[in-house]
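Data first, discussion second: the structure below is written as structure tokens.
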Amino acid sequence: MGTTLQATNSSESQVSEFILLGFPGIHEWQHWFSLPMALLYLVALSANLLILITIYREPGLHQPMYQFLGILATIDIGLATTSMPKILAILWFDAKAISLPECFAQIYAIHSFMCMESGIFLCMAVDRYVAICYPLQYLSIVTEAFVTKATLSMFLRNGLLTIPVPVLASQRQYCSRNEIDHCLCSNLGVTSLACDDITVNKFYQLALAWLVVGSDMILVFASYALIICSVLRLNSTEAITKALTTCSSHLILILFYYTAIILVSVTHLAGRKVPLIPVLLNVLHIVIPPSLNPMVYALRTQELRVGFQKVFNLNQFMSRK
């Protein structure tokens, strides 16, 4: 009888929704952030869609390097879309309520897309490593089958390993507090509201970060270390310049991506004193890379610029002017 009564009270006290308060400490004027956020989201969507259309319609870009770039563009669209519509709804319409299933689904989507982006960066690093260090064997190693298998393995790895994150969060008891001082459902932000022990959640979050993102980062930088060593052994200055140019845009984005992750992690640990900083960096890390990635590739990759001009007939437009 006592057990039944305790279970009933527990189910009655379980909250039915969370309230996303937005940016901590600046709730009164946080709506001013809506304009730059909306612009970044619009740039992310439009620029990545242009990249996808260009790669799809231009036969000269049907190469592994650009196929991986197309996959990265798709992931960037998914990453931005999982969070930005809800953030803009909070800033514009004060729509702060989010149901528990929607919140856990957002946790899963954010973790999956973030890990997938790291995995695709690793695939692109391997592609550049083979192209520069083993150019004669490149066509026999990096084939259509290689691209398909590498992509599927990244999607399966990250899709499956991130499932326990929302599952563990959903098993916690949320019996009193339901206000999250954030713009989105972060795993630690949600589980910190739980009434029971969240040690398992913290441990798995840390293990996932080291197992997936940490191992990817180590392998990516190891690949580029080998690339740099191989390039420096070349006797031709022209060959060195060409080799570094082919992977410079990729290296810029990788450095930005992993630097941002490290900054978000460090500021999260010190977030109790200034909670706005980790929240703001977390949001920007979700929307800036999707808007930055296509711009860097479009500006620094000549083949992509030429393909873009062909697909959208910009050459004829410029000649008429």
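By convention in this document, the chains of the structure tokens carry letters A, B, ... by their order, each chain's residues are numbered from 1, and ligands are numbered from 1 in the order they are shown.
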| said: Applying 9 Å and only C-alpha atoms, which residues near A:Ser83 remain after dropping the ones on its own chain fewer than 5 positions away? List them as number ranges by chain. | reply: A: 88, 106, 110, 183-185, 283, 286-287
| task | Among the residues of stretch 165-297 of chain A, find those DSSP assigns to alpha helix (DSSP H) from the backbone and print them as a ChimeraX atom specification. | result | /A:165-170,187-191,199-208,215-232,237-269,276-297
| field | Point-to-point distance from atom CA of A:Ser192 to atom CA of A:Glu28, Å rounded to tenths | value | 24.2 Å
| said: I'd like the neighbourhood of A:Leu219 as a list of chain:residue names, where a residue qualifies if any of its atoms comes within 9 Å (using only C-alpha atoms), though same-chain residues fewer than 3 positions away should be ignored. | reply: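 Using only C-alpha atoms, the neighbours found are A:Leu122, A:Ala125, A:Val126, A:Gly214, A:Ser215, A:Asp216, A:Ala222, A:Ser223, A:Tyr224.
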Expected file: the selected residues, all heavy atoms, as a short mmCIF file (atom, residue, chain, number, x, y, z; two decimals), in the first residue's frame:
data_model
loop_
_atom_site.label_atom_id
_atom_site.label_comp_id
_atom_site.auth_asym_id
_atom_site.auth_seq_id
_atom_site.Cartn_x
_atom_site.Cartn_y
_atom_site.Cartn_z
N LEU A 122 36.46 13.90 -39.98
CA LEU A 122 37.46 12.83 -39.99
C LEU A 122 37.54 12.17 -41.37
O LEU A 122 38.64 11.91 -41.88
CB LEU A 122 37.12 11.79 -38.92
CG LEU A 122 38.01 10.54 -38.89
CD1 LEU A 122 39.47 10.92 -38.65
CD2 LEU A 122 37.53 9.57 -37.80
N ALA A 125 39.39 14.42 -43.64
CA ALA A 125 40.82 14.42 -43.33
C ALA A 125 41.50 13.20 -43.92
O ALA A 125 42.61 13.29 -44.47
CB ALA A 125 41.03 14.48 -41.82
N VAL A 126 40.84 12.04 -43.82
CA VAL A 126 41.40 10.82 -44.41
C VAL A 126 41.48 10.96 -45.93
O VAL A 126 42.47 10.54 -46.56
CB VAL A 126 40.54 9.60 -44.01
CG1 VAL A 126 40.98 8.36 -44.77
CG2 VAL A 126 40.63 9.36 -42.51
N GLY A 214 36.50 13.26 -29.10
CA GLY A 214 37.91 13.24 -28.73
C GLY A 214 38.75 12.37 -29.65
O GLY A 214 39.82 12.78 -30.11
N SER A 215 38.25 11.15 -29.95
CA SER A 215 39.00 10.26 -30.84
C SER A 215 39.05 10.82 -32.25
O SER A 215 40.09 10.73 -32.93
CB SER A 215 38.37 8.87 -30.84
OG SER A 215 37.03 8.92 -31.31
N ASP A 216 37.95 11.42 -32.72
CA ASP A 216 37.95 12.05 -34.05
C ASP A 216 38.98 13.16 -34.12
O ASP A 216 39.72 13.28 -35.11
CB ASP A 216 36.56 12.62 -34.38
CG ASP A 216 35.55 11.53 -34.69
OD1 ASP A 216 35.95 10.37 -34.88
OD2 ASP A 216 34.35 11.85 -34.74
N ALA A 222 46.22 13.98 -36.30
CA ALA A 222 47.27 13.06 -36.69
C ALA A 222 47.38 12.99 -38.22
O ALA A 222 48.49 12.96 -38.78
CB ALA A 222 46.99 11.67 -36.11
N SER A 223 46.22 12.98 -38.89
CA SER A 223 46.22 12.97 -40.36
C SER A 223 46.90 14.21 -40.93
O SER A 223 47.72 14.12 -41.86
CB SER A 223 44.78 12.87 -40.89
OG SER A 223 44.15 11.69 -40.46
N TYR A 224 46.59 15.37 -40.36
CA TYR A 224 47.19 16.60 -40.87
C TYR A 224 48.65 16.72 -40.48
O TYR A 224 49.43 17.36 -41.22
CB TYR A 224 46.38 17.81 -40.41
CG TYR A 224 45.26 18.10 -41.37
CD1 TYR A 224 43.98 17.62 -41.13
CD2 TYR A 224 45.50 18.81 -42.54
CE1 TYR A 224 42.96 17.86 -42.03
CE2 TYR A 224 44.49 19.05 -43.44
CZ TYR A 224 43.21 18.58 -43.19
OH TYR A 224 42.22 18.80 -44.09
#
| Which neighbours of stretch 162-170 of chain A fall inside 8 Å, counting only C-alpha atoms, when residues of the same chain fewer than 5 positions from it are skipped, and could you give them as a list in words? |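 Selected residues are Leu100, Phe104, Ala105, Ile107, Tyr108, His111, Ser112, Asn187, Val190, Thr191, Val200, Asn201, Tyr204, Gln205 and Leu208 of chain A.
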| message | Need the shell around A:Phe256: protein/DNA/RNA residues with any atom at most 12 Å away, counting only C-alpha atoms. Skip same-chain ones fewer than 4 positions apart. Format as a PyMOL selection string? | response | chain A and resi 118+121+217+249-252+260-263+285+288-290+292-293+296
| request: Considering only C-alpha atoms, state which residue in the set A:Leu226, A:Arg177, A:Ser291, A:Lys96 is at the smallest distance from A:Pro36. | output: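 Ranked by minimum distance to A:Pro36, first place goes to A:Ser291.
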